[in-house]
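K.L.:
Okay, handing you the structure first.
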Amino acid sequence: MRALLERQPNLEVVGEAEDGRQTVELASSHVPDVVVMDIAMPNLNGVEATRRMVSKQPTISVVILSMYSDESYVMRALQAGARAYLLKDSAVTDLIRAIEAVSQGKAFFSPKIGRILAEDYVRVLKQRGSLDTFELLTTREREIFQLLAEGGTNKEVATNLNISLYTVETHRKRILQKLNLHSSAELVLHAVRKGIIS
């Protein structure tokens, strides 16, 4: 793993630990941008080590390596503050991409983990008997939603779609109500989560 990282011209390995406690100590003294660690480590497991590091230094991004694809492990790691969760069988192919993603403030999951999270989200929606609220938007509302999320003003959206400013304002109010959003910032964040804008 270290050899793989050291071959990357834009990465520098600043430390290597043998257990969870040493990981926390090294992170405290070196303050790295990214910490890559196993979920199962002696003396202090990866989840607890992540929690301690992130609570002390929120700027550190943690990439968890694990052989467990069980949803409960993934959720515990994320709740502790990990930004990426990789299965060991995909670590060689995905590790560099994961480090690059978390360095840019993004999350990263092994493909199998991504599927588990998506399936769980759908299962929860079905259990609640509710829909993804985005599905409540009409075709026109989705069009306006995207233009607003991309930073367009009400006036620019009206010109772009050749509709009145009043119509755009009415649609915007309905969009915010349907999605339970309260500001332009929340609208943009929701668009990022839905993958509508990056």
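Every chain in the structure tokens takes a letter, A first, then B, and so on in the order presented; its residues are numbered from 1, and the ligands are numbered from 1 following the presented order.
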So which bits of range 54-184 of chain A end up helix (DSSP H, G or I) when you DSSP the backbone, as a ChimeraX atom specification?
P.N.:
/A:54-56,71-80,88-103,111-128,133-136,139-149,154-161,165-179,184
K.L.:
Please provide the set of residues having any atom within 8 Å of range 186-195 of chain A, restricted to only C-alpha atoms, with same-chain residues fewer than 5 positions apart removed, written as a PyMOL selection string.
P.N.:
chain A and resi 145-146+148-150+176+181
K.L.:
Considering only C-alpha atoms, state which residue in the set A:His171, A:Lys106, A:Lys88, A:Arg7 is at the smallest distance from Thr139 in chain A.
P.N.:
A:His171
K.L.:
Set the distance at 9 Å and use only C-alpha atoms: which residues neighbour range 59-63 of chain A once local chain neighbours fewer than 6 positions away are removed? I'd like the list as a PyMOL selection string.
P.N.:
chain A and resi 27+31-38+50+53+81-86+95+98-99+102-103+105+108
K.L.:
Rounded to one decimal place, report the CA of Leu179 in chain A-CA of Ala107 in chain A distance in Å.
P.N.:
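Pair CA of Leu179 in chain A / CA of Ala107 in chain A returns 23.1 Å.
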K.L.:
DSSP on the backbone, strand (DSSP E or B) only: what residues of range 20-167 of chain A does that give? Format it as an mmCIF file with N, CA and C atoms, in the first residue's frame.
P.N.:
```cif
data_model
loop_
_atom_site.group_PDB
_atom_site.id
_atom_site.type_symbol
_atom_site.label_atom_id
_atom_site.label_comp_id
_atom_site.auth_asym_id
_atom_site.auth_seq_id
_atom_site.Cartn_x
_atom_site.Cartn_y
_atom_site.Cartn_z
ATOM 1 N N VAL A 34 -4.830 13.640 4.446
ATOM 2 C CA VAL A 34 -5.614 12.412 4.347
ATOM 3 C C VAL A 34 -4.983 11.317 5.194
ATOM 4 N N VAL A 35 -5.827 10.548 5.884
ATOM 5 C CA VAL A 35 -5.376 9.371 6.626
ATOM 6 C C VAL A 35 -6.067 8.159 6.010
ATOM 7 N N VAL A 36 -5.259 7.152 5.653
ATOM 8 C CA VAL A 36 -5.802 5.892 5.125
ATOM 9 C C VAL A 36 -5.599 4.850 6.200
ATOM 10 N N MET A 37 -6.699 4.201 6.627
ATOM 11 C CA MET A 37 -6.517 3.183 7.663
ATOM 12 C C MET A 37 -7.542 2.064 7.603
ATOM 13 N N ASP A 38 -7.151 0.963 8.228
ATOM 14 C CA ASP A 38 -7.988 -0.219 8.300
ATOM 15 C C ASP A 38 -9.066 -0.003 9.345
ATOM 16 N N SER A 61 -9.119 14.277 6.273
ATOM 17 C CA SER A 61 -10.066 13.405 5.574
ATOM 18 C C SER A 61 -9.627 11.960 5.766
ATOM 19 N N VAL A 62 -10.539 11.115 6.210
ATOM 20 C CA VAL A 62 -10.205 9.723 6.505
ATOM 21 C C VAL A 62 -10.776 8.789 5.444
ATOM 22 N N VAL A 63 -9.894 7.921 4.943
ATOM 23 C CA VAL A 63 -10.285 6.854 4.020
ATOM 24 C C VAL A 63 -10.208 5.546 4.794
ATOM 25 N N ILE A 64 -11.323 4.856 4.921
ATOM 26 C CA ILE A 64 -11.377 3.581 5.653
ATOM 27 C C ILE A 64 -11.256 2.420 4.680
ATOM 28 N N LEU A 65 -10.373 1.482 5.003
ATOM 29 C CA LEU A 65 -10.264 0.233 4.255
ATOM 30 C C LEU A 65 -10.926 -0.851 5.096
ATOM 31 N N SER A 66 -11.709 -1.700 4.467
ATOM 32 C CA SER A 66 -12.422 -2.717 5.227
ATOM 33 C C SER A 66 -12.703 -3.944 4.378
ATOM 34 N N ALA A 84 -14.419 8.348 3.041
ATOM 35 C CA ALA A 84 -14.396 7.292 2.022
ATOM 36 C C ALA A 84 -14.387 5.935 2.705
ATOM 37 N N TYR A 85 -15.013 4.971 2.059
ATOM 38 C CA TYR A 85 -15.077 3.605 2.590
ATOM 39 C C TYR A 85 -14.796 2.668 1.429
ATOM 40 N N LEU A 86 -13.630 1.992 1.499
ATOM 41 C CA LEU A 86 -13.212 1.099 0.423
ATOM 42 C C LEU A 86 -13.153 -0.335 0.899
ATOM 43 N N LEU A 87 -13.657 -1.238 0.087
ATOM 44 C CA LEU A 87 -13.478 -2.659 0.368
ATOM 45 C C LEU A 87 -12.064 -3.032 -0.067
ATOM 46 N N PHE A 108 -16.257 9.152 -1.193
ATOM 47 C CA PHE A 108 -15.936 8.109 -2.168
ATOM 48 C C PHE A 108 -16.231 6.754 -1.552
ATOM 49 N N PHE A 109 -16.865 5.884 -2.339
ATOM 50 C CA PHE A 109 -17.184 4.541 -1.877
ATOM 51 C C PHE A 109 -16.828 3.524 -2.946
#
```
K.L.:
With only C-alpha atoms as the atoms that count, which of A:Val54, A:Ala158, A:Leu137, A:Ile39 lies nearest to Gln177 in chain A?
P.N.:
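The answer is A:Leu137, which sits nearest to Gln177 in chain A.
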K.L.:
What is the distance between CA of Val168 in chain A and CA of Asn154 in chain A, in Å to one decimal?
P.N.:
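Between CA of Val168 in chain A and CA of Asn154 in chain A the gap works out to 6.1 Å.
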K.L.:
Could you tell me how far CA of Gln57 in chain A sits from CA of Leu44 in chain A, in Å to one decimal place?
P.N.:
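Going from CA of Leu44 in chain A over to CA of Gln57 in chain A covers 17.7 Å.
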